[in-house]
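Asker: Enclosed is the structure file protein.pdb (PDB, C-alpha atoms and all ligand atoms).
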ATOM      1  CA  MET A 230      47.955  34.330 153.121  1.00  0.00           C
ATOM      2  CA  PHE A 231      45.908  37.516 153.488  1.00  0.00           C
ATOM      3  CA  GLU A 232      44.052  35.993 156.406  1.00  0.00           C
ATOM      4  CA  ASN A 233      47.313  35.919 158.367  1.00  0.00           C
ATOM      5  CA  ILE A 234      46.676  39.228 160.045  1.00  0.00           C
ATOM      6  CA  SER A 235      45.980  39.214 163.763  1.00  0.00           C
ATOM      7  CA  ASN A 236      44.003  42.468 163.607  1.00  0.00           C
ATOM      8  CA  LYS A 237      40.697  41.248 162.185  1.00  0.00           C
ATOM      9  CA  SER A 238      39.604  44.841 161.577  1.00  0.00           C
ATOM     10  CA  ILE A 239      42.214  45.223 158.877  1.00  0.00           C
ATOM     11  CA  LYS A 240      41.701  43.662 155.485  1.00  0.00           C
ATOM     12  CA  VAL A 241      44.225  43.059 152.718  1.00  0.00           C
ATOM     13  CA  LYS A 242      43.247  42.411 149.120  1.00  0.00           C
ATOM     14  CA  PHE A 243      45.294  41.625 146.060  1.00  0.00           C
ATOM     15  CA  LEU A 244      43.495  42.142 142.756  1.00  0.00           C
ATOM     16  CA  ALA A 245      45.194  39.713 140.383  1.00  0.00           C
ATOM     17  CA  LYS A 246      44.965  39.253 136.626  1.00  0.00           C
ATOM     18  CA  ASP A 247      41.514  37.641 136.394  1.00  0.00           C
ATOM     19  CA  PHE A 248      39.916  40.430 138.425  1.00  0.00           C
ATOM     20  CA  MET A 249      41.677  43.161 136.478  1.00  0.00           C
ATOM     21  CA  LEU A 250      40.683  41.683 133.119  1.00  0.00           C
ATOM     22  CA  LYS A 251      37.106  40.959 134.156  1.00  0.00           C
ATOM     23  CA  ASN A 252      36.683  44.526 135.318  1.00  0.00           C
ATOM     24  CA  ARG A 253      38.537  45.951 132.315  1.00  0.00           C
ATOM     25  CA  LEU A 254      41.080  47.541 134.604  1.00  0.00           C
ATOM     26  CA  GLU A 255      44.123  46.334 132.705  1.00  0.00           C
ATOM     27  CA  LYS A 256      44.952  49.865 131.588  1.00  0.00           C
ATOM     28  CA  LEU A 257      44.531  50.961 135.105  1.00  0.00           C
ATOM     29  CA  GLU A 258      43.685  54.490 136.014  1.00  0.00           C
ATOM     30  CA  TYR A 259      42.967  55.006 139.665  1.00  0.00           C
ATOM     31  CA  SER A 260      39.895  57.002 138.752  1.00  0.00           C
ATOM     32  CA  SER A 261      38.381  53.710 137.597  1.00  0.00           C
ATOM     33  CA  LEU A 262      38.825  52.343 141.106  1.00  0.00           C
ATOM     34  CA  HIS A 263      36.717  55.174 142.447  1.00  0.00           C
ATOM     35  CA  ASP A 264      33.956  54.046 140.119  1.00  0.00           C
ATOM     36  CA  LEU A 265      34.300  50.517 141.412  1.00  0.00           C
ATOM     37  CA  SER A 266      33.500  51.439 144.986  1.00  0.00           C
ATOM     38  CA  ASN A 267      32.891  54.639 146.835  1.00  0.00           C
ATOM     39  CA  LYS A 268      36.015  54.376 148.884  1.00  0.00           C
ATOM     40  CA  ASN A 269      38.607  56.942 149.786  1.00  0.00           C
ATOM     41  CA  PHE A 270      41.877  55.891 148.222  1.00  0.00           C
ATOM     42  CA  LEU A 271      45.331  56.988 149.285  1.00  0.00           C
ATOM     43  CA  ILE A 272      47.609  56.418 146.308  1.00  0.00           C
ATOM     44  CA  PRO A 273      51.346  56.925 145.870  1.00  0.00           C
ATOM     45  CA  ASN A 274      52.371  57.944 142.323  1.00  0.00           C
ATOM     46  CA  GLN A 275      55.082  55.298 142.351  1.00  0.00           C
ATOM     47  CA  THR A 276      58.536  56.298 141.128  1.00  0.00           C
ATOM     48  CA  HIS A 277      60.749  53.512 142.596  1.00  0.00           C
ATOM     49  CA  SER A 278      61.749  55.968 145.301  1.00  0.00           C
ATOM     50  CA  THR A 279      62.280  55.297 148.996  1.00  0.00           C
ATOM     51  CA  ASN A 280      59.644  57.863 150.012  1.00  0.00           C
ATOM     52  CA  VAL A 281      56.909  56.693 152.344  1.00  0.00           C
ATOM     53  CA  THR A 282      54.112  59.014 153.483  1.00  0.00           C
ATOM     54  CA  TYR A 283      51.547  59.103 156.266  1.00  0.00           C
ATOM     55  CA  SER A 284      48.224  60.771 155.529  1.00  0.00           C
ATOM     56  CA  ASN A 285      44.698  60.800 156.876  1.00  0.00           C
ATOM     57  CA  ILE A 286      43.454  62.584 153.769  1.00  0.00           C
ATOM     58  CA  PRO A 287      42.729  60.567 150.613  1.00  0.00           C
ATOM     59  CA  GLY A 288      44.314  61.443 147.269  1.00  0.00           C
ATOM     60  CA  GLN A 289      47.441  60.918 145.232  1.00  0.00           C
ATOM     61  CA  ILE A 290      50.926  61.606 146.554  1.00  0.00           C
ATOM     62  CA  ASP A 291      53.716  62.526 144.148  1.00  0.00           C
ATOM     63  CA  ASN A 292      57.132  60.872 144.164  1.00  0.00           C
ATOM     64  CA  CYS A 293      56.089  58.299 146.720  1.00  0.00           C
ATOM     65  CA  ASP A 294      56.121  54.489 146.974  1.00  0.00           C
ATOM     66  CA  GLY A 295      54.413  53.742 150.247  1.00  0.00           C
ATOM     67  CA  VAL A 296      51.416  55.098 152.149  1.00  0.00           C
ATOM     68  CA  PHE A 297      50.177  54.708 155.705  1.00  0.00           C
ATOM     69  CA  THR A 298      47.089  55.933 157.488  1.00  0.00           C
ATOM     70  CA  SER A 299      45.200  55.791 160.757  1.00  0.00           C
ATOM     71  CA  ASN A 300      41.957  56.976 159.193  1.00  0.00           C
ATOM     72  CA  PRO A 301      39.636  53.941 158.989  1.00  0.00           C
ATOM     73  CA  LYS A 302      37.844  55.452 155.973  1.00  0.00           C
ATOM     74  CA  ILE A 303      40.975  55.297 153.846  1.00  0.00           C
ATOM     75  CA  VAL A 304      42.069  52.461 151.565  1.00  0.00           C
ATOM     76  CA  CYS A 305      45.837  52.407 150.979  1.00  0.00           C
ATOM     77  CA  CYS A 306      46.542  51.279 147.468  1.00  0.00           C
ATOM     78  CA  ILE A 307      49.476  50.406 145.188  1.00  0.00           C
ATOM     79  CA  LYS A 308      49.912  48.776 141.781  1.00  0.00           C
ATOM     80  CA  VAL A 309      52.492  46.141 140.909  1.00  0.00           C
ATOM     81  CA  ALA A 310      53.637  43.750 138.195  1.00  0.00           C
ATOM     82  CA  ASP A 311      56.694  41.864 139.571  1.00  0.00           C
ATOM     83  CA  CYS A 312      57.572  44.382 142.285  1.00  0.00           C
ATOM     84  CA  MET A 313      56.689  43.393 145.851  1.00  0.00           C
ATOM     85  CA  PRO A 314      53.514  44.691 147.466  1.00  0.00           C
ATOM     86  CA  ILE A 315      54.374  44.777 151.179  1.00  0.00           C
ATOM     87  CA  PHE A 316      51.444  45.232 153.574  1.00  0.00           C
ATOM     88  CA  PHE A 317      51.760  46.407 157.191  1.00  0.00           C
ATOM     89  CA  ALA A 318      48.995  46.084 159.799  1.00  0.00           C
ATOM     90  CA  HIS A 319      49.181  46.998 163.488  1.00  0.00           C
ATOM     91  CA  HIS A 320      47.988  44.038 165.566  1.00  0.00           C
ATOM     92  CA  SER A 321      45.366  45.971 167.540  1.00  0.00           C
ATOM     93  CA  LEU A 322      45.214  49.646 166.532  1.00  0.00           C
ATOM     94  CA  ILE A 323      43.915  51.303 163.374  1.00  0.00           C
ATOM     95  CA  PHE A 324      47.214  51.921 161.634  1.00  0.00           C
ATOM     96  CA  TYR A 325      48.112  50.262 158.362  1.00  0.00           C
ATOM     97  CA  GLY A 326      49.783  50.820 155.028  1.00  0.00           C
ATOM     98  CA  VAL A 327      51.337  49.340 151.927  1.00  0.00           C
ATOM     99  CA  VAL A 328      54.706  49.758 150.254  1.00  0.00           C
ATOM    100  CA  HIS A 329      55.688  49.194 146.623  1.00  0.00           C
ATOM    101  CA  ALA A 330      59.163  47.647 146.660  1.00  0.00           C
ATOM    102  CA  GLY A 331      60.955  46.900 143.421  1.00  0.00           C
ATOM    103  CA  TRP A 332      64.643  46.047 143.513  1.00  0.00           C
ATOM    104  CA  LYS A 333      65.718  49.710 143.394  1.00  0.00           C
ATOM    105  CA  GLY A 334      63.541  50.928 146.216  1.00  0.00           C
ATOM    106  CA  LEU A 335      64.457  47.834 148.207  1.00  0.00           C
ATOM    107  CA  ILE A 336      68.243  48.204 147.999  1.00  0.00           C
ATOM    108  CA  GLU A 337      68.044  51.964 148.432  1.00  0.00           C
ATOM    109  CA  GLY A 338      66.245  51.525 151.740  1.00  0.00           C
ATOM    110  CA  ILE A 339      62.474  51.905 151.426  1.00  0.00           C
ATOM    111  CA  LEU A 340      61.951  49.434 154.273  1.00  0.00           C
ATOM    112  CA  LYS A 341      64.257  51.443 156.530  1.00  0.00           C
ATOM    113  CA  GLU A 342      62.208  54.549 155.651  1.00  0.00           C
ATOM    114  CA  THR A 343      59.067  52.584 156.464  1.00  0.00           C
ATOM    115  CA  SER A 344      60.377  51.690 159.920  1.00  0.00           C
ATOM    116  CA  VAL A 345      61.335  55.344 160.541  1.00  0.00           C
ATOM    117  CA  LEU A 346      57.836  56.490 159.592  1.00  0.00           C
ATOM    118  CA  ILE A 347      56.114  53.917 161.813  1.00  0.00           C
ATOM    119  CA  GLU A 348      58.303  54.650 164.835  1.00  0.00           C
ATOM    120  CA  GLY A 349      57.961  58.371 164.169  1.00  0.00           C
ATOM    121  CA  ARG A 350      54.192  57.986 164.602  1.00  0.00           C
ATOM    122  CA  GLY A 351      54.813  56.360 167.999  1.00  0.00           C
ATOM    123  CA  TYR A 352      54.155  52.701 167.102  1.00  0.00           C
ATOM    124  CA  LYS A 353      56.374  49.732 167.958  1.00  0.00           C
ATOM    125  CA  LEU A 354      57.646  47.768 164.940  1.00  0.00           C
ATOM    126  CA  ASN A 355      57.212  44.543 166.893  1.00  0.00           C
ATOM    127  CA  ASN A 356      53.430  45.049 166.800  1.00  0.00           C
ATOM    128  CA  PHE A 357      53.036  44.765 163.031  1.00  0.00           C
ATOM    129  CA  ASP A 358      51.991  41.863 160.861  1.00  0.00           C
ATOM    130  CA  ILE A 359      53.644  42.022 157.459  1.00  0.00           C
ATOM    131  CA  LEU A 360      52.608  40.327 154.224  1.00  0.00           C
ATOM    132  CA  ILE A 361      54.734  40.228 151.089  1.00  0.00           C
ATOM    133  CA  GLY A 362      52.376  39.527 148.205  1.00  0.00           C
ATOM    134  CA  PRO A 363      52.838  37.796 144.833  1.00  0.00           C
ATOM    135  CA  SER A 364      55.915  39.136 143.033  1.00  0.00           C
ATOM    136  CA  ILE A 365      58.844  37.970 140.937  1.00  0.00           C
ATOM    137  CA  GLN A 366      60.755  35.274 142.827  1.00  0.00           C
ATOM    138  CA  LYS A 367      64.256  33.846 142.755  1.00  0.00           C
ATOM    139  CA  CYS A 368      63.270  31.344 140.029  1.00  0.00           C
ATOM    140  CA  CYS A 369      62.899  34.236 137.573  1.00  0.00           C
ATOM    141  CA  PHE A 370      64.534  37.397 138.865  1.00  0.00           C
ATOM    142  CA  GLU A 371      67.995  37.632 137.377  1.00  0.00           C
ATOM    143  CA  ILE A 372      70.277  40.627 136.924  1.00  0.00           C
ATOM    144  CA  SER A 373      73.344  41.388 134.825  1.00  0.00           C
ATOM    145  CA  ASN A 374      76.818  42.705 135.557  1.00  0.00           C
ATOM    146  CA  ASP A 375      75.753  46.319 135.194  1.00  0.00           C
ATOM    147  CA  VAL A 376      73.801  46.399 138.469  1.00  0.00           C
ATOM    148  CA  VAL A 377      75.141  43.438 140.437  1.00  0.00           C
ATOM    149  CA  SER A 378      77.446  45.583 142.575  1.00  0.00           C
ATOM    150  CA  ARG A 379      74.423  47.419 143.984  1.00  0.00           C
ATOM    151  CA  PHE A 380      73.113  44.285 145.714  1.00  0.00           C
ATOM    152  CA  PRO A 381      74.347  42.974 149.076  1.00  0.00           C
ATOM    153  CA  SER A 382      76.955  40.317 148.241  1.00  0.00           C
ATOM    154  CA  GLU A 383      75.380  37.643 150.444  1.00  0.00           C
ATOM    155  CA  HIS A 384      72.234  37.753 148.277  1.00  0.00           C
ATOM    156  CA  ILE A 385      73.943  37.265 144.897  1.00  0.00           C
ATOM    157  CA  LYS A 386      74.095  33.805 143.316  1.00  0.00           C
ATOM    158  CA  PRO A 387      75.954  33.480 139.978  1.00  0.00           C
ATOM    159  CA  LYS A 388      74.131  31.528 137.247  1.00  0.00           C
ATOM    160  CA  PRO A 389      75.648  29.401 134.465  1.00  0.00           C
ATOM    161  CA  ASN A 390      74.432  31.943 131.875  1.00  0.00           C
ATOM    162  CA  GLY A 391      76.747  34.647 133.280  1.00  0.00           C
ATOM    163  CA  LYS A 392      73.901  36.431 135.043  1.00  0.00           C
ATOM    164  CA  PHE A 393      73.015  36.502 138.725  1.00  0.00           C
ATOM    165  CA  MET A 394      70.073  35.205 140.662  1.00  0.00           C
ATOM    166  CA  ILE A 395      68.594  37.406 143.358  1.00  0.00           C
ATOM    167  CA  ASP A 396      66.016  36.503 145.996  1.00  0.00           C
ATOM    168  CA  LEU A 397      64.202  39.815 146.493  1.00  0.00           C
ATOM    169  CA  GLN A 398      61.792  38.404 149.075  1.00  0.00           C
ATOM    170  CA  ASP A 399      64.691  37.198 151.190  1.00  0.00           C
ATOM    171  CA  ILE A 400      66.389  40.606 150.976  1.00  0.00           C
ATOM    172  CA  ALA A 401      63.106  42.199 152.079  1.00  0.00           C
ATOM    173  CA  PHE A 402      62.746  39.690 154.937  1.00  0.00           C
ATOM    174  CA  GLN A 403      66.286  40.381 156.202  1.00  0.00           C
ATOM    175  CA  GLU A 404      65.798  44.144 155.862  1.00  0.00           C
ATOM    176  CA  LEU A 405      62.558  44.052 157.820  1.00  0.00           C
ATOM    177  CA  LYS A 406      64.160  41.931 160.524  1.00  0.00           C
ATOM    178  CA  ASN A 407      67.289  44.095 160.711  1.00  0.00           C
ATOM    179  CA  ASN A 408      65.212  47.250 160.986  1.00  0.00           C
ATOM    180  CA  GLY A 409      63.366  45.881 164.016  1.00  0.00           C
ATOM    181  CA  PHE A 410      60.245  44.142 162.734  1.00  0.00           C
ATOM    182  CA  ASN A 411      59.355  40.751 164.201  1.00  0.00           C
ATOM    183  CA  LYS A 412      60.497  37.979 161.846  1.00  0.00           C
ATOM    184  CA  ASN A 413      57.776  35.669 163.147  1.00  0.00           C
ATOM    185  CA  LYS A 414      55.118  38.088 161.915  1.00  0.00           C
ATOM    186  CA  ILE A 415      56.341  38.255 158.316  1.00  0.00           C
ATOM    187  CA  ARG A 416      54.505  36.118 155.742  1.00  0.00           C
ATOM    188  CA  ILE A 417      55.754  35.756 152.181  1.00  0.00           C
ATOM    189  CA  SER A 418      53.697  34.557 149.231  1.00  0.00           C
ATOM    190  CA  ASN A 419      55.470  31.865 147.199  1.00  0.00           C
ATOM    191  CA  ASP A 420      53.643  32.908 144.050  1.00  0.00           C
ATOM    192  CA  CYS A 421      55.917  34.127 141.269  1.00  0.00           C
ATOM    193  CA  SER A 422      54.365  36.764 139.019  1.00  0.00           C
ATOM    194  CA  TYR A 423      56.681  35.767 136.153  1.00  0.00           C
ATOM    195  CA  CYS A 424      56.117  31.969 136.235  1.00  0.00           C
ATOM    196  CA  GLN A 425      52.401  32.006 136.922  1.00  0.00           C
ATOM    197  CA  LYS A 426      51.282  33.723 133.792  1.00  0.00           C
ATOM    198  CA  ASP A 427      47.639  32.699 134.108  1.00  0.00           C
ATOM    199  CA  LYS A 428      47.311  34.405 137.468  1.00  0.00           C
ATOM    200  CA  TYR A 429      49.577  37.431 137.281  1.00  0.00           C
ATOM    201  CA  PHE A 430      50.850  40.194 135.058  1.00  0.00           C
ATOM    202  CA  SER A 431      54.624  40.500 134.832  1.00  0.00           C
ATOM    203  CA  PHE A 432      56.632  43.493 133.669  1.00  0.00           C
ATOM    204  CA  ARG A 433      59.592  41.278 132.814  1.00  0.00           C
ATOM    205  CA  ARG A 434      57.448  38.841 130.861  1.00  0.00           C
ATOM    206  CA  ASN A 435      55.045  41.270 129.160  1.00  0.00           C
ATOM    207  CA  GLY A 436      57.229  44.365 128.766  1.00  0.00           C
ATOM    208  CA  LYS A 437      56.199  47.931 129.361  1.00  0.00           C
ATOM    209  CA  ASN A 438      52.629  47.322 128.220  1.00  0.00           C
ATOM    210  CA  ALA A 439      52.119  44.752 130.964  1.00  0.00           C
ATOM    211  CA  GLY A 440      48.941  45.072 132.968  1.00  0.00           C
ATOM    212  CA  ARG A 441      49.114  45.956 136.631  1.00  0.00           C
ATOM    213  CA  MET A 442      47.687  44.317 139.733  1.00  0.00           C
ATOM    214  CA  ILE A 443      46.406  46.198 142.735  1.00  0.00           C
ATOM    215  CA  GLY A 444      47.227  45.773 146.406  1.00  0.00           C
ATOM    216  CA  LEU A 445      44.768  47.248 148.895  1.00  0.00           C
ATOM    217  CA  ILE A 446      44.729  47.473 152.663  1.00  0.00           C
ATOM    218  CA  SER A 447      41.788  48.923 154.547  1.00  0.00           C
ATOM    219  CA  PHE A 448      39.709  48.900 157.706  1.00  0.00           C
ATOM    220  CA  ARG A 449      36.588  46.792 157.977  1.00  0.00           C
ATOM    221  CA  PRO A 450      34.209  47.916 160.711  1.00  0.00           C
TER     222      PRO A 450
HETATM  223 ZN    ZN A 501      59.300  32.361 138.693  1.00  0.00          ZN
END
Once you've parsed the file, please lay out its structure as structure tokens.
Ligand SMILES: [Zn+2]
Answerer:
Amino acid sequence: MFENISNKSIKVKFLAKDFMLKNRLEKLEYSSLHDLSNKNFLIPNQTHSTNVTYSNIPGQIDNCDGVFTSNPKIVCCIKVADCMPIFFAHHSLIFYGVVHAGWKGLIEGILKETSVLIEGRGYKLNNFDILIGPSIQKCCFEISNDVVSRFPSEHIKPKPNGKFMIDLQDIAFQELKNNGFNKNKIRISNDCSYCQKDKYFSFRRNGKNAGRMIGLISFRP
């Protein structure tokens, strides 16, 4: 799916479980990424917020869940384990970024904030390819009564066990479309981080000690 970007100068990578284990990155510190390659990382210190930041200077950004840049030396970087890594690449210009969208950030409007940031920099939303990477899918993402009222009613499906099934990728797709992105340029991975335990870490499956996977988007000269 990561080849589905029309701008061939922009590269997306998803470092899944085998890579993380092989490189002993399962207890990931971003400093270890610097050792891995001499790249300039732009890293949000994810807090399930709706804050998205633009920067042409590498480094970590507090209270932030999405980063964008137009500096071709910068690699935008997030970590996930069930949450959606959502990559954005302009179809011809050097402007790209990645957003970490768990259910909270999603329903609180991180994709709206993303569209505001992109338009605020003078780019048209219609010109972006979007990839939603491996994440927990509707087969496995269920919620209980305590939070169900926070979700849009059209996305809630009751289950026989008294819980509710939610399709986070579909919510993200609708949000992106409603905010002005081109629905024909949105690609969604079918891989479920919870089901596919050989390939992915999962917070819901492994608990708070779950490993993390890394999503990267960068420029290739
Ligand atoms: Zn699943």
Asker: Which residues would end up in the selection if the PyMOL selection byres (((chain A and resi 421) around 9) and not hetatm) were applied here, given that I need the answer as a list in words?
Answerer: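 With the PyMOL selection byres (((chain A and resi 421) around 9) and not hetatm) on this model, the match is Asp311, Pro363, Ser364, Ile365, Gln366, Lys367, Cys368, Cys369, Ser418, Asn419, Asp420, Ser422, Tyr423, Cys424, Gln425, Lys426 and Tyr429 of chain A.
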Asker: Suppose a student applies the PyMOL selection byres (((chain A and resi 371) around 8) and not hetatm) to this structure; what residues should they get, written as a list in words?
Answerer: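 Output from the PyMOL selection byres (((chain A and resi 371) around 8) and not hetatm), applied to this file: Lys367, Cys369, Phe370, Ile372, Ser373, Lys392, Phe393, Met394 and Ile395 of chain A.
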Asker: Would you export the selected residues with C-alpha atoms as a CSV table (one decimal), in the frame of the given file, please?
Answerer:
chain,number,residue,atom,x,y,z
A,367,LYS,CA,64.3,33.8,142.8
A,369,CYS,CA,62.9,34.2,137.6
A,370,PHE,CA,64.5,37.4,138.9
A,372,ILE,CA,70.3,40.6,136.9
A,373,SER,CA,73.3,41.4,134.8
A,392,LYS,CA,73.9,36.4,135.0
A,393,PHE,CA,73.0,36.5,138.7
A,394,MET,CA,70.1,35.2,140.7
A,395,ILE,CA,68.6,37.4,143.4
Asker: Give me the residues near Phe316 of chain A as a list in words, where near means some atom within 7 Å (using only C-alpha atoms) and where sequence neighbours in that chain fewer than 4 positions away do not count.
Answerer: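 The filter keeps Gly326, Val327, Val328, Ile359, Leu360 and Ile361 of chain A.
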Asker: Taking into account all atoms listed in the file, which residue in the set A:Ile290, A:Gly362, A:Asn355, A:Asn390 is nearest to Lys242 of chain A?
Answerer: A:Gly362
Asker: Have a look at A:Pro301, A:Pro450, A:Gly409, A:Gly444 and name the one nearest to Ser238 of chain A; count only C-alpha atoms.
Answerer: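 The shortest atom-to-atom distance to Ser238 of chain A comes from A:Pro450.
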